[in-house]
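Source file query.txt; content: compact mmCIF, C-alpha atoms and all ligand atoms.
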```txt
# COMPACT_ATOMS: atom_id res chain seq x y z
CA ARG R 20 44.64 -36.96 102.13
CA THR R 21 43.02 -35.12 104.96
CA ILE R 22 43.03 -35.70 108.71
CA ALA R 23 39.97 -37.95 108.35
CA ASP R 24 42.09 -40.36 106.28
CA LEU R 25 44.54 -40.87 109.15
CA GLY R 26 42.08 -43.07 111.04
CA ASP R 27 41.73 -43.18 114.81
CA LEU R 28 44.15 -40.66 116.32
CA ARG R 29 43.44 -41.36 120.00
CA GLY R 30 46.76 -41.69 121.81
CA LYS R 31 48.70 -41.06 118.59
CA LYS R 32 51.56 -38.59 118.52
CA VAL R 33 50.86 -36.13 115.70
CA LEU R 34 53.70 -33.98 114.39
CA LEU R 35 51.91 -30.85 113.19
CA ARG R 36 53.77 -28.40 110.95
CA SER R 37 52.15 -25.00 111.44
CA ASP R 38 53.20 -21.58 110.19
CA LEU R 39 53.61 -19.50 113.35
CA ASN R 40 55.99 -17.00 111.74
CA VAL R 41 54.46 -13.86 113.24
CA PRO R 42 55.80 -10.31 113.30
CA LEU R 43 57.33 -9.20 116.63
CA ASP R 44 58.06 -5.65 117.80
CA LYS R 45 61.41 -4.59 119.26
CA SER R 46 60.42 -5.85 122.71
CA GLY R 47 59.44 -9.25 121.34
CA ASN R 48 55.66 -8.74 121.47
CA ILE R 49 53.53 -10.30 118.73
CA THR R 50 52.13 -7.48 116.58
CA ASP R 51 49.79 -9.64 114.46
CA ASP R 52 48.71 -13.04 115.77
CA GLY R 53 46.72 -13.95 112.64
CA ARG R 54 48.83 -17.02 111.91
CA VAL R 55 48.58 -18.30 115.48
CA ARG R 56 44.79 -17.89 115.37
CA ALA R 57 44.65 -19.64 112.01
CA SER R 58 46.51 -22.65 113.46
CA VAL R 59 43.95 -23.17 116.24
CA PRO R 60 41.09 -25.03 114.46
CA THR R 61 43.35 -27.88 113.26
CA ILE R 62 44.98 -28.21 116.68
CA LYS R 63 41.55 -28.35 118.33
CA ARG R 64 40.35 -30.90 115.83
CA LEU R 65 43.33 -33.12 116.71
CA THR R 66 43.07 -32.71 120.49
CA GLU R 67 39.33 -33.38 120.39
CA GLN R 68 40.16 -36.73 118.82
CA GLY R 69 42.54 -37.50 121.69
CA ALA R 70 45.75 -37.00 119.71
CA ARG R 71 48.97 -35.84 121.39
CA VAL R 72 49.86 -32.80 119.32
CA ILE R 73 53.49 -31.80 118.74
CA VAL R 74 53.55 -28.44 116.97
CA VAL R 75 56.67 -27.58 114.97
CA ALA R 76 57.22 -24.20 113.31
CA HIS R 77 59.81 -21.57 112.46
CA LEU R 78 60.12 -17.92 113.41
CA GLY R 79 62.16 -15.49 111.32
CA ARG R 80 65.36 -16.50 109.63
CA PRO R 81 67.91 -17.53 112.27
CA LYS R 82 71.12 -19.02 110.91
CA GLY R 83 70.76 -22.70 111.83
CA GLU R 84 71.66 -22.27 115.49
CA PRO R 85 69.84 -21.13 118.64
CA ASP R 86 69.20 -17.38 118.68
CA PRO R 87 67.02 -16.18 121.59
CA GLN R 88 65.42 -13.30 119.67
CA TYR R 89 63.72 -15.92 117.46
CA SER R 90 62.46 -18.19 120.23
CA LEU R 91 58.95 -19.56 119.75
CA ARG R 92 58.26 -19.38 123.49
CA PRO R 93 56.08 -16.21 123.29
CA VAL R 94 54.18 -17.77 120.42
CA ALA R 95 53.57 -20.93 122.47
CA GLU R 96 52.19 -18.71 125.25
CA ARG R 97 49.85 -16.95 122.83
CA LEU R 98 48.73 -20.31 121.46
CA SER R 99 47.97 -21.51 124.97
CA GLN R 100 45.75 -18.45 125.56
CA LEU R 101 43.91 -18.99 122.28
CA LEU R 102 43.42 -22.72 122.87
CA GLY R 103 42.41 -22.19 126.49
CA GLN R 104 44.66 -25.02 127.64
CA PRO R 105 48.27 -25.36 128.78
CA VAL R 106 50.85 -25.77 126.03
CA ALA R 107 54.14 -27.45 126.93
CA PHE R 108 57.27 -25.88 125.48
CA ALA R 109 60.50 -27.69 124.57
CA THR R 110 63.65 -25.59 124.51
CA ASP R 111 65.04 -27.56 121.56
CA THR R 112 63.51 -29.22 118.52
CA VAL R 113 64.88 -32.77 118.46
CA GLY R 114 67.08 -32.90 121.58
CA ASP R 115 66.55 -34.02 125.17
CA SER R 116 64.00 -31.33 125.96
CA ALA R 117 61.82 -32.25 122.96
CA HIS R 118 61.93 -35.97 123.81
CA GLU R 119 61.12 -35.28 127.45
CA VAL R 120 58.19 -32.99 126.60
CA VAL R 121 56.79 -35.45 124.04
CA ALA R 122 57.10 -38.35 126.51
CA GLY R 123 55.08 -36.34 129.04
CA LEU R 124 52.12 -35.69 126.69
CA GLN R 125 48.75 -37.22 127.54
CA ASP R 126 45.88 -37.69 125.08
CA GLY R 127 44.56 -34.24 124.05
CA ASP R 128 47.72 -32.40 125.16
CA VAL R 129 49.65 -29.89 123.04
CA ALA R 130 53.37 -29.09 122.93
CA VAL R 131 55.33 -26.56 120.89
CA LEU R 132 58.95 -27.36 120.08
CA GLU R 133 61.57 -24.63 119.73
CA ASN R 134 62.20 -22.94 116.36
CA LEU R 135 62.95 -25.50 113.62
CA ARG R 136 65.47 -23.11 112.07
CA PHE R 137 67.75 -23.35 115.11
CA ASN R 138 68.84 -26.56 113.36
CA LYS R 139 70.96 -26.45 110.18
CA GLY R 140 69.18 -29.47 108.73
CA GLU R 141 65.83 -27.69 108.45
CA THR R 142 66.76 -25.40 105.55
CA SER R 143 69.86 -27.22 104.28
CA LYS R 144 70.26 -27.60 100.52
CA ASP R 145 72.09 -30.85 101.19
CA ASP R 146 69.61 -33.74 100.92
CA ALA R 147 71.49 -35.91 103.41
CA GLU R 148 71.68 -33.16 106.05
CA ARG R 149 68.01 -32.30 105.61
CA GLY R 150 67.08 -35.98 105.59
CA ALA R 151 68.97 -36.65 108.82
CA PHE R 152 67.07 -33.83 110.54
CA ALA R 153 63.77 -35.10 109.11
CA ASP R 154 64.59 -38.57 110.53
CA GLN R 155 64.98 -37.01 113.98
CA LEU R 156 61.70 -35.11 113.64
CA ALA R 157 59.86 -38.18 112.39
CA SER R 158 61.14 -40.25 115.32
CA LEU R 159 59.13 -38.02 117.68
CA ALA R 160 55.73 -38.95 116.22
CA ASP R 161 53.41 -41.54 114.66
CA VAL R 162 51.86 -39.37 111.94
CA PHE R 163 52.48 -36.03 110.25
CA VAL R 164 49.95 -33.28 109.49
CA SER R 165 50.98 -30.42 107.22
CA ASP R 166 49.05 -27.29 108.15
CA GLY R 167 51.58 -24.49 107.63
CA PHE R 168 50.22 -23.14 104.35
CA GLY R 169 52.63 -20.18 104.55
CA VAL R 170 55.63 -22.52 104.14
CA VAL R 171 54.41 -25.01 101.52
CA HIS R 172 56.56 -23.21 98.93
CA ARG R 173 59.72 -24.15 100.89
CA ALA R 174 61.43 -27.50 100.19
CA GLN R 175 62.50 -27.81 103.83
CA ALA R 176 62.87 -30.77 106.18
CA SER R 177 59.70 -30.14 108.23
CA VAL R 178 57.64 -29.40 105.14
CA VAL R 179 58.74 -32.02 102.60
CA ASP R 180 61.23 -34.59 103.93
CA VAL R 181 59.30 -35.49 107.06
CA ALA R 182 56.17 -36.08 104.95
CA GLU R 183 58.12 -38.80 103.13
CA ARG R 184 58.86 -40.55 106.42
CA LEU R 185 55.50 -40.73 108.22
CA PRO R 186 51.86 -41.40 107.30
CA GLN R 187 50.73 -37.89 106.38
CA ALA R 188 47.78 -35.65 105.59
CA ALA R 189 46.93 -32.02 104.88
CA GLY R 190 45.49 -30.10 107.81
CA GLY R 191 42.33 -28.01 107.68
CA LEU R 192 44.12 -24.72 107.06
CA VAL R 193 46.00 -26.07 104.05
CA GLU R 194 42.70 -27.47 102.73
CA THR R 195 40.93 -24.12 103.17
CA GLU R 196 43.75 -22.07 101.63
CA VAL R 197 44.07 -24.31 98.60
CA GLY R 198 40.29 -24.39 98.23
CA VAL R 199 40.00 -20.59 98.14
CA LEU R 200 43.12 -19.86 96.10
CA SER R 201 42.14 -22.45 93.51
CA ARG R 202 38.90 -20.51 92.96
CA LEU R 203 41.08 -17.56 91.86
CA THR R 204 42.38 -19.69 89.01
CA ARG R 205 38.82 -19.96 87.57
CA PRO R 206 37.44 -16.56 88.63
CA ARG R 207 33.99 -15.12 88.19
CA ARG R 208 34.49 -11.98 86.12
CA PRO R 209 35.32 -9.17 86.24
CA TYR R 210 38.46 -10.26 88.12
CA ALA R 211 40.52 -7.42 89.61
CA VAL R 212 43.93 -7.82 91.19
CA VAL R 213 45.36 -5.12 93.43
CA LEU R 214 49.13 -5.25 93.79
CA GLY R 215 51.28 -3.12 96.05
CA GLY R 216 54.27 -3.49 98.31
CA ALA R 217 57.79 -2.26 97.87
CA LYS R 218 59.27 -4.13 94.96
CA VAL R 219 58.26 -5.17 91.46
CA SER R 220 61.11 -7.69 91.52
CA ASP R 221 59.32 -9.69 94.26
CA LYS R 222 56.22 -10.04 92.08
CA LEU R 223 57.53 -10.69 88.56
CA GLY R 224 56.23 -14.25 88.26
CA VAL R 225 52.84 -13.42 89.65
CA ILE R 226 52.40 -10.37 87.41
CA GLU R 227 53.29 -12.46 84.35
CA ASN R 228 50.70 -15.08 85.24
CA LEU R 229 48.01 -12.60 86.27
CA LEU R 230 48.32 -10.82 82.93
CA LYS R 231 46.89 -14.05 81.50
CA GLU R 232 44.06 -14.32 84.03
CA ALA R 233 42.92 -10.97 85.42
CA ASP R 234 40.72 -8.37 83.72
CA THR R 235 42.16 -5.45 85.69
CA LEU R 236 45.46 -4.90 87.50
CA LEU R 237 45.50 -2.01 89.96
CA ILE R 238 49.04 -1.05 90.92
CA GLY R 239 50.06 0.92 94.02
CA GLY R 240 52.70 0.82 96.75
CA GLY R 241 56.42 1.34 96.27
CA MET R 242 56.41 -0.75 93.11
CA VAL R 243 54.22 1.73 91.28
CA PHE R 244 57.10 4.15 90.73
CA THR R 245 58.86 1.68 88.47
CA PHE R 246 55.61 1.54 86.43
CA LEU R 247 55.42 5.36 86.35
CA ALA R 248 59.09 5.54 85.31
CA ALA R 249 58.38 2.99 82.55
CA GLN R 250 55.83 5.48 81.20
CA GLY R 251 58.54 8.12 81.07
CA TYR R 252 57.57 10.04 84.21
CA GLU R 253 59.99 11.49 86.74
CA VAL R 254 59.54 9.89 90.16
CA GLY R 255 61.78 12.14 92.29
CA LYS R 256 63.20 10.38 95.36
CA SER R 257 60.56 7.60 95.26
CA LEU R 258 61.47 3.91 95.41
CA LEU R 259 62.61 2.88 91.94
CA GLU R 260 64.00 -0.34 90.53
CA ALA R 261 65.73 1.05 87.46
CA ASP R 262 66.78 -2.44 86.34
CA GLN R 263 63.12 -3.48 86.09
CA ILE R 264 61.92 -0.62 83.88
CA ASP R 265 62.29 -2.63 80.66
CA THR R 266 60.49 -5.62 82.19
CA VAL R 267 57.65 -3.35 83.24
CA LYS R 268 57.48 -1.82 79.75
CA GLY R 269 57.05 -5.39 78.51
CA TYR R 270 54.15 -5.91 80.94
CA LEU R 271 52.44 -2.72 79.80
CA ALA R 272 52.72 -3.84 76.15
CA GLU R 273 51.52 -7.36 76.98
CA ALA R 274 48.54 -5.98 78.92
CA GLU R 275 47.55 -3.90 75.91
CA ASN R 276 47.78 -6.92 73.60
CA ARG R 277 45.67 -9.04 75.91
CA GLY R 278 43.11 -6.33 76.70
CA VAL R 279 44.04 -6.31 80.39
CA ASP R 280 43.37 -2.95 82.01
CA ILE R 281 46.44 -1.86 84.03
CA VAL R 282 45.33 1.00 86.26
CA LEU R 283 48.04 3.24 87.68
CA PRO R 284 47.47 6.10 90.14
CA THR R 285 46.93 9.54 88.68
CA ASP R 286 47.84 11.29 91.93
CA ILE R 287 50.34 10.54 94.67
CA VAL R 288 50.88 11.64 98.28
CA ALA R 289 54.48 12.87 98.17
CA ALA R 290 56.68 13.86 101.12
CA ASP R 291 60.13 15.35 101.50
CA ALA R 292 61.26 12.52 103.83
CA PHE R 293 60.21 8.99 104.86
CA SER R 294 58.63 10.16 108.07
CA ALA R 295 55.18 10.75 109.54
CA ASP R 296 55.92 14.41 110.27
CA ALA R 297 57.55 15.22 106.95
CA HIS R 298 55.90 17.91 104.85
CA HIS R 299 53.55 16.08 102.46
CA GLU R 300 51.16 17.02 99.66
CA VAL R 301 49.10 15.48 96.88
CA VAL R 302 50.81 15.82 93.48
CA ALA R 303 50.01 14.58 89.97
CA ALA R 304 51.55 11.16 89.31
CA ASP R 305 53.34 12.55 86.24
CA ALA R 306 54.76 15.52 88.14
CA ILE R 307 56.43 14.24 91.32
CA PRO R 308 58.90 16.96 92.32
CA ALA R 309 62.57 15.94 92.14
CA ASP R 310 63.11 16.43 95.90
CA GLN R 311 60.04 14.42 97.00
CA MET R 312 59.13 10.75 97.39
CA GLY R 313 55.77 9.14 96.83
CA LEU R 314 54.44 7.42 99.98
CA ASP R 315 50.81 6.66 99.10
CA ILE R 316 48.37 6.76 96.22
CA GLY R 317 46.40 10.02 96.19
CA PRO R 318 42.64 10.52 96.85
CA ASP R 319 41.54 10.52 93.18
CA SER R 320 43.41 7.27 92.61
CA ALA R 321 41.98 5.73 95.78
CA GLU R 322 38.49 6.54 94.51
CA ALA R 323 39.19 5.15 91.04
CA PHE R 324 40.71 1.95 92.49
CA GLY R 325 37.72 1.59 94.82
CA ALA R 326 35.26 1.90 91.92
CA LYS R 327 37.05 -0.85 89.94
CA ILE R 328 37.10 -3.12 92.99
CA ARG R 329 33.41 -2.58 93.78
CA GLU R 330 32.37 -3.56 90.25
CA SER R 331 34.36 -6.83 90.36
CA LYS R 332 33.09 -10.32 91.17
CA THR R 333 36.54 -11.60 92.18
CA VAL R 334 39.30 -9.57 93.84
CA PHE R 335 42.78 -10.60 94.96
CA TRP R 336 44.84 -8.07 96.90
CA ASN R 337 48.50 -8.35 97.80
CA GLY R 338 50.63 -5.52 99.16
CA PRO R 339 49.79 -2.18 100.81
CA MET R 340 49.20 0.92 98.67
CA GLY R 341 51.58 3.08 100.70
CA ALA R 342 53.57 3.41 103.92
CA PHE R 343 50.35 2.64 105.85
CA GLU R 344 52.12 2.27 109.20
CA MET R 345 52.42 6.10 109.21
CA ALA R 346 48.97 7.74 109.46
CA PRO R 347 49.47 10.39 106.72
CA TYR R 348 50.15 7.61 104.17
CA ALA R 349 47.47 5.08 105.18
CA ALA R 350 44.46 6.44 103.27
CA GLY R 351 45.13 4.55 100.01
CA THR R 352 45.45 1.19 101.75
CA LYS R 353 42.36 1.96 103.82
CA ALA R 354 40.33 2.89 100.74
CA VAL R 355 41.28 -0.36 99.03
CA ALA R 356 40.34 -2.37 102.14
CA GLU R 357 36.98 -0.55 102.34
CA ALA R 358 36.27 -1.30 98.70
CA LEU R 359 37.05 -5.00 99.26
CA VAL R 360 34.69 -5.03 102.24
CA ASP R 361 31.91 -3.55 100.06
CA ALA R 362 32.65 -6.02 97.26
CA THR R 363 32.46 -8.90 99.77
CA ALA R 364 29.11 -7.65 101.05
CA ALA R 365 27.89 -7.51 97.43
CA GLY R 366 28.76 -11.17 96.94
CA ALA R 367 32.24 -11.00 95.39
CA LEU R 368 35.01 -13.44 96.30
CA THR R 369 37.69 -11.32 97.99
CA VAL R 370 41.06 -12.65 99.03
CA VAL R 371 43.75 -10.74 100.88
CA GLY R 372 47.13 -12.42 100.52
CA GLY R 373 50.48 -11.75 102.06
CA GLY R 374 51.64 -10.99 105.57
CA ASP R 375 51.93 -7.22 105.05
CA SER R 376 48.47 -6.77 103.60
CA ALA R 377 46.92 -8.99 106.27
CA ALA R 378 48.70 -7.00 109.00
CA ALA R 379 47.67 -3.75 107.29
CA VAL R 380 43.95 -4.55 107.22
CA ARG R 381 43.99 -5.65 110.86
CA GLN R 382 46.02 -2.63 112.00
CA LEU R 383 43.61 -0.33 110.16
CA GLY R 384 40.76 -1.82 112.20
CA PHE R 385 39.20 -4.25 109.73
CA HIS R 386 38.16 -7.77 110.75
CA ASP R 387 38.94 -11.05 109.03
CA ASP R 388 35.25 -11.82 108.51
CA GLN R 389 34.77 -8.71 106.36
CA PHE R 390 36.64 -10.49 103.54
CA THR R 391 36.03 -13.90 102.01
CA HIS R 392 39.50 -14.99 103.05
CA ILE R 393 42.70 -13.56 104.47
CA SER R 394 45.44 -15.90 103.40
CA THR R 395 48.17 -16.84 105.88
CA GLY R 396 50.52 -17.25 102.93
CA GLY R 397 52.82 -14.50 101.71
CA GLY R 398 55.26 -16.06 99.25
CA ALA R 399 53.22 -19.27 99.25
CA SER R 400 50.00 -17.65 98.00
CA LEU R 401 51.89 -15.67 95.35
CA GLU R 402 53.70 -18.78 94.12
CA TYR R 403 50.40 -20.65 94.07
CA LEU R 404 48.91 -17.92 91.86
CA GLU R 405 52.00 -18.03 89.67
CA GLY R 406 50.94 -21.58 88.86
CA LYS R 407 54.13 -23.04 90.36
CA THR R 408 54.27 -26.52 91.88
CA LEU R 409 54.62 -26.02 95.63
CA PRO R 410 56.83 -28.76 97.10
CA GLY R 411 54.92 -28.94 100.38
CA LEU R 412 51.65 -29.58 98.50
CA ALA R 413 53.15 -31.92 95.91
CA VAL R 414 54.54 -34.19 98.63
CA LEU R 415 51.06 -34.57 100.13
CA GLU R 416 49.72 -35.79 96.80
CA ASP R 417 52.44 -38.41 96.29
C1 LIG R 501 56.38 -16.44 105.42
O1 LIG R 501 56.51 -15.59 106.32
O2 LIG R 501 56.02 -16.14 104.27
C2 LIG R 501 56.56 -17.88 105.76
O3 LIG R 501 56.48 -18.10 107.14
C3 LIG R 501 57.85 -18.39 105.18
O4 LIG R 501 58.94 -17.74 105.78
P1 LIG R 501 60.31 -17.61 104.98
O5 LIG R 501 60.07 -16.67 103.83
O6 LIG R 501 61.33 -17.11 105.96
O7 LIG R 501 60.67 -18.99 104.46
```

Render the structure in this file as structure tokens.
Amino acid sequence: RTIADLGDLRGKKVLLRSDLNVPLDKSGNITDDGRVRASVPTIKRLTEQGARVIVVAHLGRPKGEPDPQYSLRPVAERLSQLLGQPVAFATDTVGDSAHEVVAGLQDGDVAVLENLRFNKGETSKDDAERGAFADQLASLADVFVSDGFGVVHRAQASVVDVAERLPQAAGGLVETEVGVLSRLTRPRRPYAVVLGGAKVSDKLGVIENLLKEADTLLIGGGMVFTFLAAQGYEVGKSLLEADQIDTVKGYLAEAENRGVDIVLPTDIVAADAFSADAHHEVVAADAIPADQMGLDIGPDSAEAFGAKIRESKTVFWNGPMGAFEMAPYAAGTKAVAEALVDATAAGALTVVGGGDSAAAVRQLGFHDDQFTHISTGGGASLEYLEGKTLPGLAVLED
């Protein structure tokens, strides 16, 4: 069901679950507002129909009670700027403030309620506790729209339980995300997947599934050192998950059996400390000195990765190639982004998934429209590509 199936929304109170979980710096400023921007079209669509929009969302992982550093107030302010209209803010989620703010909404108005995760019921594993919180949320509205694609992998009150209590529909962002990600499950070939980020252990399921679907897997980021170690190389002081080496050996063997090309870097930018002003140099990937750590893929590898990406018809990228937030280690991530931009221009379907990669491409000066799609999902897009059933999508189909 989509918003169109909800009928006439004029005067209706719409509870809208968005994913507004944005990164903040130490002073509480939003460092990447991509998710707030992505929430705007659905909100506008609802207000244009005369709905009274009640946005609910989480920020960070507070422990089920109010914690000012995770307040959604700055996000509500940013949303107001992007919408070009005032946005009311309730200082609680289901208490007096929320009820008062909702009662004051006129047709076409928007309110944001305080962080869902200030309430234990939101993430509780206890069905009754979660259900009781979902009852309170549902009592605020007439219908529910699920638009927080980034949280559809969470079986939480505002994602699943509330959808069982109100007439419901998927919002436009969820529709778009599912539409694009589903195209990755029947890719035009060659299909290349670029994986980076710190840990192999965060990506086990997705690697297993992609070994069945992709033609090429390009591996960079912190996780690459576990792959290099699995090939018997020394990785010095680089990030290493020793307990995953056997699993990775299994992946390398499986890739060979299936004819999947796993491409590892041949050179690495290594430094003597995790710092922008540390001494750094390009070394061979099989000869990282014992007192150094790898912080980016090297220039030869960046060129080889770029060539593979440019010759692909479908590309999915998750995870930076190095410690891109420090200039000396950003070149690998930048080269991959440039190659995706070229592939997009040549007609390939290119999808950037995951909060870190999305933030990386924007921080490095790229624009969303240079790629087919920048997913707002981190864990959600990976679990989708793992082929898992996502509870927040399943409940919309029931
Ligand atoms: C995300 O950042 O991936 C989503 O907002 C979900 O957040 P969570 O991992 O804290 O549940």

Closest contacts (chain R/ligand LIG 501 (chain R), max 9 Å, only C-alpha atoms and all ligand atoms) as a Markdown table:
```
| residue | atom | partner | partner_atom | distance |
| --- | --- | --- | --- | --- |
| R:Asp38 | CA | R:LIG501 | O3 | 5.7 |
| R:Leu39 | CA | R:LIG501 | O3 | 7.0 |
| R:Asn40 | CA | R:LIG501 | O3 | 4.8 |
| R:Val41 | CA | R:LIG501 | O1 | 7.4 |
| R:Pro42 | CA | R:LIG501 | O1 | 8.8 |
| R:Ala76 | CA | R:LIG501 | O3 | 8.7 |
| R:His77 | CA | R:LIG501 | O3 | 7.2 |
| R:Leu78 | CA | R:LIG501 | O3 | 7.3 |
| R:Gly79 | CA | R:LIG501 | O6 | 5.7 |
| R:Arg80 | CA | R:LIG501 | O6 | 5.5 |
| R:Thr142 | CA | R:LIG501 | O7 | 8.9 |
| R:Gly167 | CA | R:LIG501 | O3 | 8.1 |
| R:Phe168 | CA | R:LIG501 | C2 | 8.4 |
| R:Gly169 | CA | R:LIG501 | C2 | 4.7 |
| R:Val170 | CA | R:LIG501 | C3 | 4.8 |
| R:Val171 | CA | R:LIG501 | C3 | 8.3 |
| R:His172 | CA | R:LIG501 | C3 | 8.0 |
| R:Arg173 | CA | R:LIG501 | O7 | 6.3 |
| R:Gly373 | CA | R:LIG501 | O2 | 7.4 |
| R:Gly374 | CA | R:LIG501 | O1 | 6.7 |
| R:Thr395 | CA | R:LIG501 | O2 | 8.0 |
| R:Gly396 | CA | R:LIG501 | O2 | 5.8 |
| R:Gly397 | CA | R:LIG501 | O2 | 4.4 |
| R:Gly398 | CA | R:LIG501 | O2 | 5.1 |
| R:Ala399 | CA | R:LIG501 | O2 | 6.5 |
| R:Ser400 | CA | R:LIG501 | O2 | 8.8 |
```

Given all atoms listed in the file as the basis, pick out the residue of R:Lys353, R:Arg29, R:Arg64, R:His298 nearest to Glu322 (chain R).
R:Lys353

Local residues around (64.3, 14.6, 96.7), at most 6 Å away, using all atoms listed in the file, as a ChimeraX atom specification
/R:255-256,309-311

Applying 8 Å and only C-alpha atoms, which residues near region 176-181 of chain R remain after dropping the ones on its own chain fewer than 6 positions away? List them as a PyMOL selection string.
chain R and resi 36+75+135+140-142+149-150+152-154+156-157+163+165+170+410-411+414

Can you measure CA of Ala182 (chain R) to CA of Asp166 (chain R) for me? One decimal in Å is fine.
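According to the coordinates, CA of Ala182 (chain R) and CA of Asp166 (chain R) are separated by 11.8 Å.
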
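CA of Ala130 (chain R) to CA of Val72 (chain R) spans 6.3 Å [interatomic distance, one decimal].
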
Any idea what's packed within 7 Å of region 314-319 of chain R, counting all atoms listed in the file, ignoring anything in its chain fewer than 4 positions away? Could you give it as a list in words?
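Here the answer would be Gly239, Gly240, Pro284, Asp286, Ile287, Val288, Ala289, Ala290, Val301, Ala323, Met340, Gly341, Ala342, Tyr348 and Gly351 of chain R.
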
Rebuild region 363-374 of chain R to N, CA and C atoms - output it as a compact mmCIF listing (two decimals), keeping the file's coordinate frame, please.
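For reference, rebuild_16.txt as written:
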```txt
# COMPACT_ATOMS: atom_id res chain seq x y z
N THR R 363 32.80 -7.65 99.08
CA THR R 363 32.46 -8.90 99.77
C THR R 363 30.97 -8.89 100.11
N ALA R 364 30.52 -7.75 100.66
CA ALA R 364 29.11 -7.65 101.05
C ALA R 364 28.20 -7.81 99.83
N ALA R 365 28.70 -7.40 98.65
CA ALA R 365 27.89 -7.51 97.43
C ALA R 365 28.02 -8.88 96.78
N GLY R 366 28.73 -9.79 97.44
CA GLY R 366 28.76 -11.17 96.94
C GLY R 366 30.02 -11.56 96.18
N ALA R 367 31.00 -10.64 96.10
CA ALA R 367 32.24 -11.00 95.39
C ALA R 367 33.11 -11.90 96.26
N LEU R 368 33.98 -12.66 95.59
CA LEU R 368 35.01 -13.44 96.30
C LEU R 368 36.20 -12.51 96.49
N THR R 369 36.57 -12.23 97.74
CA THR R 369 37.69 -11.32 97.99
C THR R 369 38.75 -12.03 98.82
N VAL R 370 39.97 -11.96 98.35
CA VAL R 370 41.06 -12.65 99.03
C VAL R 370 42.19 -11.66 99.28
N VAL R 371 42.61 -11.57 100.53
CA VAL R 371 43.75 -10.74 100.88
C VAL R 371 44.91 -11.70 101.11
N GLY R 372 46.01 -11.49 100.39
CA GLY R 372 47.13 -12.42 100.52
C GLY R 372 48.38 -11.69 100.96
N GLY R 373 49.21 -12.36 101.72
CA GLY R 373 50.48 -11.75 102.06
C GLY R 373 50.48 -11.14 103.43
N GLY R 374 51.54 -11.43 104.19
CA GLY R 374 51.64 -10.99 105.57
C GLY R 374 51.42 -9.49 105.75
```
